file upload03.csv (CSV, C-alpha atoms)
chain,number,residue,atom,x,y,z
A,1,MET,CA,13.0,-18.2,-13.9
A,2,LYS,CA,13.7,-14.7,-15.2
A,3,ILE,CA,14.1,-11.2,-13.6
A,4,VAL,CA,11.3,-9.0,-14.9
A,5,ARG,CA,11.5,-5.8,-12.7
A,6,VAL,CA,14.0,-3.9,-10.6
A,7,GLU,CA,12.6,-1.0,-8.4
A,8,THR,CA,14.2,1.3,-5.9
A,9,PHE,CA,12.7,3.1,-2.8
A,10,LEU,CA,14.1,6.1,-1.0
A,11,VAL,CA,12.9,5.6,2.6
A,12,PRO,CA,13.5,7.6,5.8
A,13,PRO,CA,15.6,8.1,7.7
A,14,ARG,CA,18.4,7.9,5.2
A,15,TRP,CA,18.1,4.6,3.4
A,16,LEU,CA,17.6,3.2,-0.1
A,17,PHE,CA,15.9,-0.2,-0.7
A,18,CYS,CA,15.7,-2.2,-4.0
A,19,ARG,CA,13.3,-4.9,-5.0
A,20,ILE,CA,13.9,-7.5,-7.7
A,21,GLU,CA,10.9,-9.4,-9.0
A,22,THR,CA,10.8,-12.6,-11.1
A,23,ASP,CA,8.4,-14.0,-13.6
A,24,GLU,CA,7.6,-16.8,-11.1
A,25,GLY,CA,6.5,-14.3,-8.4
A,26,LEU,CA,9.6,-14.6,-6.2
A,27,VAL,CA,10.8,-11.2,-4.9
A,28,GLY,CA,14.1,-10.3,-3.3
A,29,TRP,CA,15.0,-7.2,-1.3
A,30,GLY,CA,18.3,-5.3,-1.1
A,31,GLU,CA,19.7,-2.2,0.5
A,32,PRO,CA,22.0,-0.3,-1.9
A,33,VAL,CA,23.0,3.1,-0.3
A,34,VAL,CA,25.7,5.6,0.3
A,35,GLU,CA,24.6,7.6,3.3
A,36,GLY,CA,24.1,11.2,2.1
A,37,ARG,CA,24.2,10.2,-1.6
A,38,ALA,CA,21.2,7.8,-1.8
A,39,GLU,CA,19.8,9.5,-4.9
A,40,VAL,CA,23.1,9.0,-6.7
A,41,VAL,CA,23.2,5.3,-5.9
A,42,ARG,CA,19.5,5.1,-7.0
A,43,ALA,CA,20.6,6.2,-10.5
A,44,ALA,CA,23.4,3.7,-10.5
A,45,VAL,CA,21.0,0.8,-9.6
A,46,GLU,CA,18.7,1.8,-12.5
A,47,VAL,CA,21.7,1.7,-14.9
A,48,LEU,CA,23.0,-1.6,-13.6
A,49,ALA,CA,19.5,-3.1,-13.7
A,50,GLU,CA,19.7,-3.1,-17.5
A,51,GLN,CA,22.1,-6.0,-17.1
A,52,LEU,CA,19.6,-8.0,-15.1
A,53,ILE,CA,16.3,-7.8,-16.8
A,54,GLY,CA,15.5,-11.1,-18.5
A,55,GLN,CA,18.3,-12.9,-16.8
A,56,ASP,CA,18.2,-16.0,-14.5
A,57,PRO,CA,18.4,-14.6,-10.9
A,58,LEU,CA,20.2,-17.7,-9.6
A,59,ARG,CA,23.4,-17.0,-11.5
A,60,ILE,CA,24.6,-14.7,-8.7
A,61,GLN,CA,28.3,-15.1,-9.2
A,62,ASP,CA,28.0,-14.4,-12.9
A,63,HIS,CA,25.8,-11.4,-12.3
A,64,TRP,CA,28.4,-10.1,-9.7
A,65,GLN,CA,31.2,-10.3,-12.3
A,66,VAL,CA,29.2,-8.5,-14.9
A,67,LEU,CA,27.9,-5.8,-12.6
A,68,THR,CA,31.3,-5.0,-11.1
A,69,LYS,CA,33.5,-5.5,-14.2
A,70,GLY,CA,31.2,-5.1,-17.2
A,71,GLY,CA,31.9,-1.3,-17.3
A,72,PHE,CA,35.3,-0.1,-18.2
A,73,TYR,CA,35.3,2.2,-15.1
A,74,ARG,CA,34.9,0.2,-12.0
A,75,GLY,CA,34.7,0.4,-8.2
A,76,GLY,CA,34.1,3.3,-5.9
A,77,PRO,CA,31.4,3.7,-3.2
A,78,VAL,CA,28.5,4.5,-5.6
A,79,LEU,CA,28.9,1.5,-8.0
A,80,SER,CA,30.0,-0.9,-5.2
A,81,SER,CA,27.0,0.1,-3.1
A,82,ALA,CA,24.6,-0.3,-6.1
A,83,VAL,CA,26.0,-3.8,-6.7
A,84,ALA,CA,25.7,-4.6,-3.0
A,85,GLY,CA,22.0,-4.0,-2.9
A,86,LEU,CA,21.3,-5.9,-6.0
A,87,ASP,CA,23.4,-8.7,-4.7
A,88,HIS,CA,21.4,-8.8,-1.4
A,89,ALA,CA,18.2,-9.2,-3.5
A,90,LEU,CA,19.6,-11.9,-5.7
A,91,TRP,CA,20.7,-14.0,-2.6
A,92,ASP,CA,17.2,-13.3,-1.1
A,93,ILE,CA,15.6,-14.8,-4.2
A,94,ALA,CA,18.0,-17.7,-4.2
A,95,GLY,CA,17.2,-18.6,-0.6
A,96,LYS,CA,13.5,-18.4,-1.3
A,97,ALA,CA,13.9,-20.5,-4.5
A,98,TYR,CA,15.7,-23.3,-2.6
A,99,GLY,CA,13.7,-22.9,0.6
A,100,ALA,CA,16.8,-22.2,2.7
A,101,PRO,CA,18.4,-19.2,4.5
A,102,VAL,CA,21.3,-17.6,2.7
A,103,HIS,CA,23.8,-18.9,5.3
A,104,ALA,CA,22.9,-22.4,4.4
A,105,LEU,CA,23.6,-21.7,0.7
A,106,LEU,CA,27.0,-20.4,1.8
A,107,GLY,CA,28.1,-23.6,3.4
A,108,GLY,CA,26.0,-23.7,6.6
A,109,ALA,CA,26.1,-22.2,10.0
A,110,VAL,CA,29.2,-22.2,12.3
A,111,ARG,CA,27.3,-20.6,15.2
A,112,ASP,CA,23.8,-20.3,16.5
A,113,THR,CA,23.9,-16.8,17.9
A,114,VAL,CA,25.6,-13.6,16.8
A,115,ARG,CA,26.9,-11.1,19.3
A,116,VAL,CA,25.7,-7.5,18.5
A,117,TYR,CA,26.6,-4.2,20.0
A,118,ALA,CA,24.7,-1.0,20.6
A,119,TRP,CA,25.6,2.6,19.8
A,120,ILE,CA,25.8,5.1,22.6
A,121,GLY,CA,27.0,8.1,20.7
A,122,GLY,CA,29.6,9.9,22.7
A,123,ASP,CA,29.2,13.3,21.2
A,124,GLU,CA,27.4,14.3,24.4
A,125,PRO,CA,29.7,13.0,27.2
A,126,ALA,CA,27.3,14.2,29.9
A,127,ARG,CA,24.8,11.5,28.9
A,128,LEU,CA,27.2,8.6,28.6
A,129,THR,CA,26.6,7.0,32.0
A,130,GLU,CA,22.8,7.1,31.4
A,131,GLN,CA,23.2,5.7,27.8
A,132,VAL,CA,25.5,2.8,28.8
A,133,THR,CA,23.3,1.9,31.7
A,134,ALA,CA,20.3,1.7,29.5
A,135,GLN,CA,22.1,-0.7,27.0
A,136,ILE,CA,23.2,-2.9,29.8
A,137,GLU,CA,19.7,-3.1,31.1
A,138,ALA,CA,18.6,-4.0,27.6
A,139,GLY,CA,21.0,-7.0,27.7
A,140,PHE,CA,23.9,-5.8,25.6
A,141,THR,CA,27.4,-6.9,26.5
A,142,ALA,CA,29.1,-4.4,24.2
A,143,VAL,CA,28.7,-0.8,23.1
A,144,LYS,CA,30.4,1.5,20.6
A,145,MET,CA,31.0,5.2,21.0
A,146,ASN,CA,32.6,8.1,19.2
A,147,GLY,CA,36.1,8.8,20.5
A,148,ALA,CA,35.9,12.5,19.9
A,149,GLY,CA,33.9,15.3,18.2
A,150,ARG,CA,35.5,17.9,16.0
A,151,THR,CA,39.2,17.3,16.4
A,152,ASP,CA,42.3,19.4,15.8
A,153,PRO,CA,45.0,17.8,13.6
A,154,ILE,CA,47.1,17.2,16.7
A,155,PRO,CA,44.9,17.2,19.9
A,156,SER,CA,46.0,19.3,22.8
A,157,ALA,CA,46.6,17.9,26.3
A,158,ALA,CA,43.0,18.9,27.2
A,159,ALA,CA,41.5,17.3,24.1
A,160,THR,CA,43.4,14.1,24.6
A,161,ALA,CA,42.3,14.0,28.2
A,162,ALA,CA,38.7,14.6,27.3
A,163,ALA,CA,38.7,11.7,24.8
A,164,VAL,CA,40.2,9.4,27.3
A,165,GLU,CA,37.9,10.5,30.1
A,166,ARG,CA,34.7,9.8,28.1
A,167,VAL,CA,35.9,6.2,27.4
A,168,ALA,CA,37.0,5.8,31.0
A,169,ALA,CA,33.5,6.8,32.1
A,170,VAL,CA,32.0,4.1,29.9
A,171,ARG,CA,34.5,1.5,31.1
A,172,GLU,CA,33.6,2.3,34.7
A,173,VAL,CA,29.9,1.5,34.1
A,174,LEU,CA,30.6,-1.5,31.9
A,175,GLY,CA,33.1,-3.1,34.3
A,176,PRO,CA,35.8,-5.6,33.1
A,177,ASP,CA,33.5,-8.2,31.6
A,178,ARG,CA,31.7,-6.1,29.0
A,179,ASP,CA,33.3,-4.3,26.0
A,180,VAL,CA,33.5,-0.8,24.5
A,181,ALA,CA,34.6,-0.1,21.0
A,182,VAL,CA,35.7,3.4,20.1
A,183,ASP,CA,35.2,5.0,16.7
A,184,PHE,CA,37.8,7.6,15.7
A,185,HIS,CA,35.9,8.2,12.4
A,186,GLY,CA,39.2,9.2,10.7
A,187,ARG,CA,39.2,12.4,12.7
A,188,PHE,CA,42.7,12.1,14.0
A,189,THR,CA,46.0,12.6,12.1
A,190,PRO,CA,48.6,9.8,12.5
A,191,ALA,CA,50.3,11.8,15.2
A,192,GLY,CA,47.1,12.5,17.0
A,193,ALA,CA,45.9,8.9,16.8
A,194,ARG,CA,49.2,7.6,18.2
A,195,ARG,CA,48.9,10.0,21.1
A,196,VAL,CA,45.3,9.1,22.0
A,197,LEU,CA,45.7,5.3,21.4
A,198,HIS,CA,48.6,5.3,23.9
A,199,GLU,CA,46.3,6.8,26.6
A,200,LEU,CA,43.4,4.5,25.7
A,201,ALA,CA,45.3,1.3,26.0
A,202,PRO,CA,44.8,0.8,29.7
A,203,LEU,CA,41.1,0.9,29.2
A,204,HIS,CA,41.2,-2.2,27.0
A,205,PRO,CA,38.8,-1.1,24.1
A,206,LEU,CA,37.5,-4.0,22.1
A,207,PHE,CA,38.9,-2.2,19.1
A,208,VAL,CA,39.4,1.4,17.8
A,209,GLU,CA,37.7,1.9,14.5
A,210,GLU,CA,39.0,4.1,11.7
A,211,PRO,CA,42.0,5.4,13.6
A,212,LEU,CA,43.1,7.0,10.3
A,213,LEU,CA,41.3,8.1,7.2
A,214,PRO,CA,41.1,5.3,4.5
A,215,GLU,CA,43.4,7.2,2.2
A,216,LEU,CA,46.1,7.0,4.9
A,217,GLY,CA,46.0,3.2,5.0
A,218,HIS,CA,49.7,3.2,4.1
A,219,LEU,CA,50.4,4.6,7.5
A,220,LEU,CA,48.5,1.9,9.4
A,221,ALA,CA,51.5,-0.5,9.8
A,222,PRO,CA,53.6,1.8,12.1
A,223,LEU,CA,50.5,2.8,14.0
A,224,ALA,CA,49.5,-0.9,14.6
A,225,ALA,CA,53.1,-1.7,15.6
A,226,ALA,CA,53.1,1.2,18.2
A,227,THR,CA,49.9,0.1,20.1
A,228,SER,CA,48.4,-2.9,21.9
A,229,VAL,CA,44.9,-1.6,21.0
A,230,PRO,CA,43.3,-3.7,18.3
A,231,LEU,CA,42.8,-1.5,15.2
A,232,ALA,CA,39.7,-1.8,12.9
A,233,THR,CA,38.9,-0.3,9.6
A,234,GLY,CA,36.9,-1.0,6.4
A,235,GLU,CA,33.6,0.8,6.2
A,236,ARG,CA,35.1,3.0,3.5
A,237,LEU,CA,36.8,0.2,1.6
A,238,TYR,CA,34.9,-1.5,-1.2
A,239,GLY,CA,36.6,-4.8,-2.1
A,240,ARG,CA,39.2,-7.4,-1.5
A,241,ALA,CA,41.9,-5.4,-3.3
A,242,GLU,CA,41.4,-2.5,-0.9
A,243,PHE,CA,41.4,-4.7,2.2
A,244,LEU,CA,44.7,-6.5,1.3
A,245,PRO,CA,47.0,-3.5,2.2
A,246,VAL,CA,45.3,-2.8,5.6
A,247,LEU,CA,45.3,-6.5,6.5
A,248,SER,CA,49.0,-6.6,5.6
A,249,ALA,CA,49.5,-3.5,7.8
A,250,GLY,CA,48.2,-5.4,10.8
A,251,ILE,CA,44.6,-4.4,11.5
A,252,ALA,CA,42.9,-6.8,13.9
A,253,VAL,CA,39.3,-6.3,12.7
A,254,ALA,CA,38.0,-5.9,9.1
A,255,GLN,CA,34.8,-3.9,8.9
A,256,PRO,CA,33.3,-4.2,5.4
A,257,ASP,CA,29.8,-2.8,5.0
A,258,LEU,CA,27.3,-5.2,3.4
A,259,SER,CA,25.7,-2.2,1.7
A,260,HIS,CA,28.9,-0.8,0.4
A,261,ALA,CA,31.5,-3.5,-0.3
A,262,GLY,CA,29.8,-5.4,-3.1
A,263,GLY,CA,27.2,-7.2,-1.0
A,264,ILE,CA,27.2,-10.8,0.4
A,265,THR,CA,29.2,-12.2,-2.5
A,266,GLU,CA,32.2,-9.9,-1.9
A,267,VAL,CA,32.1,-9.7,1.9
A,268,VAL,CA,32.3,-13.5,2.2
A,269,ARG,CA,35.5,-13.3,0.2
A,270,ILE,CA,36.8,-10.4,2.3
A,271,ALA,CA,36.2,-12.5,5.4
A,272,ALA,CA,38.2,-15.4,4.0
A,273,LEU,CA,41.0,-13.0,3.1
A,274,ALA,CA,41.0,-11.6,6.6
A,275,GLU,CA,41.1,-15.1,8.1
A,276,THR,CA,44.5,-15.6,6.4
A,277,PHE,CA,45.9,-12.7,8.3
A,278,GLY,CA,44.4,-13.8,11.7
A,279,ALA,CA,41.9,-10.8,11.5
A,280,GLN,CA,38.3,-10.9,12.7
A,281,LEU,CA,35.2,-9.8,10.8
A,282,ALA,CA,32.9,-7.1,12.3
A,283,PRO,CA,30.6,-5.8,9.6
A,284,HIS,CA,29.8,-2.1,9.6
A,285,CYS,CA,26.0,-1.6,9.7
A,286,PRO,CA,24.5,1.6,11.0
A,287,LEU,CA,21.8,1.2,8.3
A,288,GLY,CA,18.5,-0.4,7.7
A,289,PRO,CA,16.9,-3.9,8.2
A,290,ILE,CA,17.9,-5.4,4.9
A,291,SER,CA,21.6,-4.5,5.3
A,292,LEU,CA,21.5,-6.0,8.8
A,293,ALA,CA,19.8,-9.1,7.6
A,294,ALA,CA,22.5,-9.6,5.0
A,295,SER,CA,25.2,-9.0,7.6
A,296,LEU,CA,23.7,-11.6,9.9
A,297,GLN,CA,23.5,-14.2,7.2
A,298,VAL,CA,27.3,-13.7,6.6
A,299,ALA,CA,28.0,-13.7,10.4
A,300,PHE,CA,26.3,-17.1,10.9
A,301,CYS,CA,28.6,-18.8,8.4
A,302,THR,CA,31.9,-17.0,8.9
A,303,PRO,CA,34.4,-18.7,11.2
A,304,ASN,CA,36.4,-15.5,12.0
A,305,PHE,CA,33.4,-13.4,12.9
A,306,LEU,CA,33.7,-11.1,15.9
A,307,ILE,CA,30.7,-8.9,16.5
A,308,GLN,CA,27.9,-7.2,14.6
A,309,GLU,CA,26.9,-3.5,14.5
A,310,GLN,CA,23.2,-2.7,14.4
A,311,SER,CA,21.2,0.6,14.3
A,312,LEU,CA,18.4,0.0,16.8
A,313,GLY,CA,18.0,3.4,18.5
A,314,ILE,CA,21.0,4.9,16.8
A,315,HIS,CA,21.1,8.7,16.7
A,316,TYR,CA,20.6,8.9,13.0
A,317,ASN,CA,17.2,7.2,13.1
A,318,LYS,CA,14.7,10.1,13.7
A,319,GLU,CA,11.9,9.5,11.2
A,320,ALA,CA,12.0,5.7,11.1
A,321,ASP,CA,14.0,3.0,12.9
A,322,LEU,CA,15.4,-0.5,12.2
A,323,LEU,CA,12.0,-2.2,12.7
A,324,SER,CA,9.8,0.3,10.8
A,325,TYR,CA,9.7,-1.6,7.5
A,326,LEU,CA,9.3,-5.2,8.8
A,327,VAL,CA,6.1,-7.3,8.9
A,328,ASP,CA,7.7,-9.4,11.7
A,329,THR,CA,10.4,-7.9,14.0
A,330,GLU,CA,11.2,-11.2,15.7
A,331,PRO,CA,14.5,-11.8,13.6
A,332,PHE,CA,15.8,-8.6,15.3
A,333,ARG,CA,14.8,-9.4,18.8
A,334,PHE,CA,18.2,-9.5,20.6
A,335,VAL,CA,18.4,-11.7,23.6
A,336,ASP,CA,21.3,-11.0,26.0
A,337,GLY,CA,23.0,-9.0,23.4
A,338,HIS,CA,22.8,-11.7,20.7
A,339,ALA,CA,20.8,-12.3,17.5
A,340,HIS,CA,19.6,-15.9,17.1
A,341,ARG,CA,20.0,-17.9,13.9
A,342,THR,CA,16.9,-18.0,11.7
A,343,THR,CA,15.9,-20.8,9.5
A,344,LEU,CA,13.6,-18.6,7.4
A,345,PRO,CA,14.4,-18.6,3.7
A,346,GLY,CA,16.5,-16.0,1.9
A,347,LEU,CA,17.6,-13.1,4.1
A,348,GLY,CA,15.2,-14.2,6.8
A,349,ILE,CA,13.1,-11.1,7.0
A,350,ASP,CA,9.7,-10.1,5.7
A,351,VAL,CA,9.8,-6.6,4.3
A,352,ASP,CA,6.5,-4.6,4.7
A,353,GLU,CA,6.2,-3.6,1.0
A,354,ALA,CA,3.2,-1.3,1.6
A,355,ALA,CA,5.1,0.7,4.2
A,356,VAL,CA,8.2,0.9,1.9
A,357,ARG,CA,6.1,2.2,-1.0
A,358,ALA,CA,4.3,4.7,1.2
A,359,ALA,CA,7.7,6.0,2.7
A,360,ASP,CA,9.1,6.4,-0.8
A,361,ARG,CA,6.4,8.8,-1.7
A,362,SER,CA,7.9,11.3,0.8
A,363,GLY,CA,11.5,10.1,0.4
A,364,HIS,CA,14.4,11.9,2.1
A,365,ALA,CA,17.4,14.1,1.4
A,366,TRP,CA,19.6,13.2,4.3
A,367,ARG,CA,23.1,14.8,4.2
A,368,ASN,CA,25.9,14.4,6.7
A,369,PRO,CA,27.0,17.5,8.5
A,370,VAL,CA,30.0,19.6,7.3
A,371,TRP,CA,32.3,20.6,10.1
A,372,ARG,CA,34.8,23.4,10.3
A,373,HIS,CA,37.6,24.2,12.7
A,374,ALA,CA,37.6,27.3,14.7
A,375,ASP,CA,39.7,29.1,12.0
A,376,GLY,CA,37.1,28.3,9.4
A,377,SER,CA,39.0,25.4,7.6
A,378,PHE,CA,37.4,22.1,6.8
A,379,ALA,CA,37.2,19.5,9.6
A,380,GLU,CA,36.6,15.7,9.3
A,381,TRP,CA,33.1,14.7,10.4

call {"tool": "encode", "arguments": {"input": "upload03.csv", "output": "structure tokens"}}
result
Amino acid sequence: MKIVRVETFLVPPRWLFCRIETDEGLVGWGEPVVEGRAEVVRAAVEVLAEQLIGQDPLRIQDHWQVLTKGGFYRGGPVLSSAVAGLDHALWDIAGKAYGAPVHALLGGAVRDTVRVYAWIGGDEPARLTEQVTAQIEAGFTAVKMNGAGRTDPIPSAAATAAAVERVAAVREVLGPDRDVAVDFHGRFTPAGARRVLHELAPLHPLFVEEPLLPELGHLLAPLAAATSVPLATGERLYGRAEFLPVLSAGIAVAQPDLSHAGGITEVVRIAALAETFGAQLAPHCPLGPISLAASLQVAFCTPNFLIQEQSLGIHYNKEADLLSYLVDTEPFRFVDGHAHRTTLPGLGIDVDEAAVRAADRSGHAWRNPVWRHADGSFAEW
């Protein structure tokens, strides 16, 4: 069996899909994207595809080595995300070739269901009670929210109180038996994060995500030592080498993104590395159906898995949603806040190719906002 074609599709709301076709008619799907830079990743996929045409798709480990190390300049979000999507598609083909789901090829399932959480935003505090109630009624046992909007380097007493009050409002609705995760989005400085984490601790968040920017990972150790709140990070880290320092610093939860951190092949290794530090895996995934399918395949076979992000109804999805490009939405029917293990081959989803090709004709040019402080200087989004 040989690879004969690699295609990419720019699909709303902000995603990029890829399709690998073989000479035996097997097709695999992947989701290689950097949100806001999808066109750049598309170009990277086209260049990397030169290494795959004419090759055996089942030599996944070898392809991963060549795609990540075959160029003198390596790593970074664009190349790692391009590799990730191609890796998804190769595993999808492998599962279809062997008639098994990817998690079976990775050693078999360790669980039958995967706990997932729902986004409730948090940028509009007035709607939080309504949003949390809706997710509880939908069966979810955990939600995630933004901890703050545009944030001064060191938050004032009022800003600190506002951040805590919005989490407290969510905790009141959830009660003690459900969970809230809080995303700082790297918006706080180390001093600001330390101040807010101290005030949040009594509310028992499941974890606080990206308490610091990824480039400040060397300052995570004192922050972790100063708080009882579990710290999580990893959506902007792209391989094992980048996870090693933050795991050593004491994070509780590793959050690699299956569309950014080298795909299934690398995230399985990141999970194993995290396990040696007693850390849990909670893959980042505010993206599309292929990325989520890949994430779930890893979750089903990972002993130290904690919880899975998913984008159903997320605030980014305005022109299309998680289910828009699927023939059958059953794999993403969450029951009591859990996804159930599928035995379907490959990634376990059936992509609606006609819908994808039609969407690509319009494409998208999604960009994240650029924020500024009151004095006109740049602010972290």

call {"tool": "atom_distance", "arguments": {"input": "upload03.csv", "atom1": "CA of Ala169 in chain A", "atom2": "CA of His204 in chain A"}}
result
12.9 Å

call {"tool": "atom_distance", "arguments": {"input": "upload03.csv", "atom1": "CA of Asp112 in chain A", "atom2": "CA of Arg341 in chain A"}}
result
5.2 Å

call {"tool": "residues_around", "arguments": {"input": "upload03.csv", "residues": "range 62-74 of chain A", "least_positions_apart": "4", "cutoff": "12 Å", "atoms": "only C-alpha atoms", "output": "number ranges by chain"}}
result
A: 3, 44-53, 55-58, 78-91, 238-239, 261-266

call {"tool": "atom_distance", "arguments": {"input": "upload03.csv", "atom1": "CA of Leu296 in chain A", "atom2": "CA of Gln310 in chain A"}}
result
10.0 Å

call {"tool": "residues_around", "arguments": {"input": "upload03.csv", "residues": "Asp360 in chain A", "least_positions_apart": "2", "cutoff": "6 Å", "atoms": "all atoms listed in the file", "output": "PyMOL selection string"}}
result
chain A and resi 9-11+357-358+362-363

call {"tool": "residues_around", "arguments": {"input": "upload03.csv", "residues": "Asp183 in chain A", "least_positions_apart": "6", "cutoff": "10 Å", "atoms": "all atoms listed in the file", "output": "PyMOL selection string"}}
result
chain A and resi 121-122+144-148+207-211+232-233

call {"tool": "residues_around", "arguments": {"input": "upload03.csv", "residues": "Glu24 in chain A", "least_positions_apart": "4", "cutoff": "10 Å", "atoms": "all atoms listed in the file", "output": "JSON list (two decimals) with C-alpha atoms, keeping the file's coordinate frame"}}
result
[["chain", "number", "residue", "atom", "x", "y", "z"],
["A", 1, "MET", "CA", 13.00, -18.20, -13.90],
["A", 2, "LYS", "CA", 13.70, -14.70, -15.20],
["A", 3, "ILE", "CA", 14.10, -11.20, -13.60],
["A", 4, "VAL", "CA", 11.30, -9.00, -14.90],
["A", 97, "ALA", "CA", 13.90, -20.50, -4.50]]
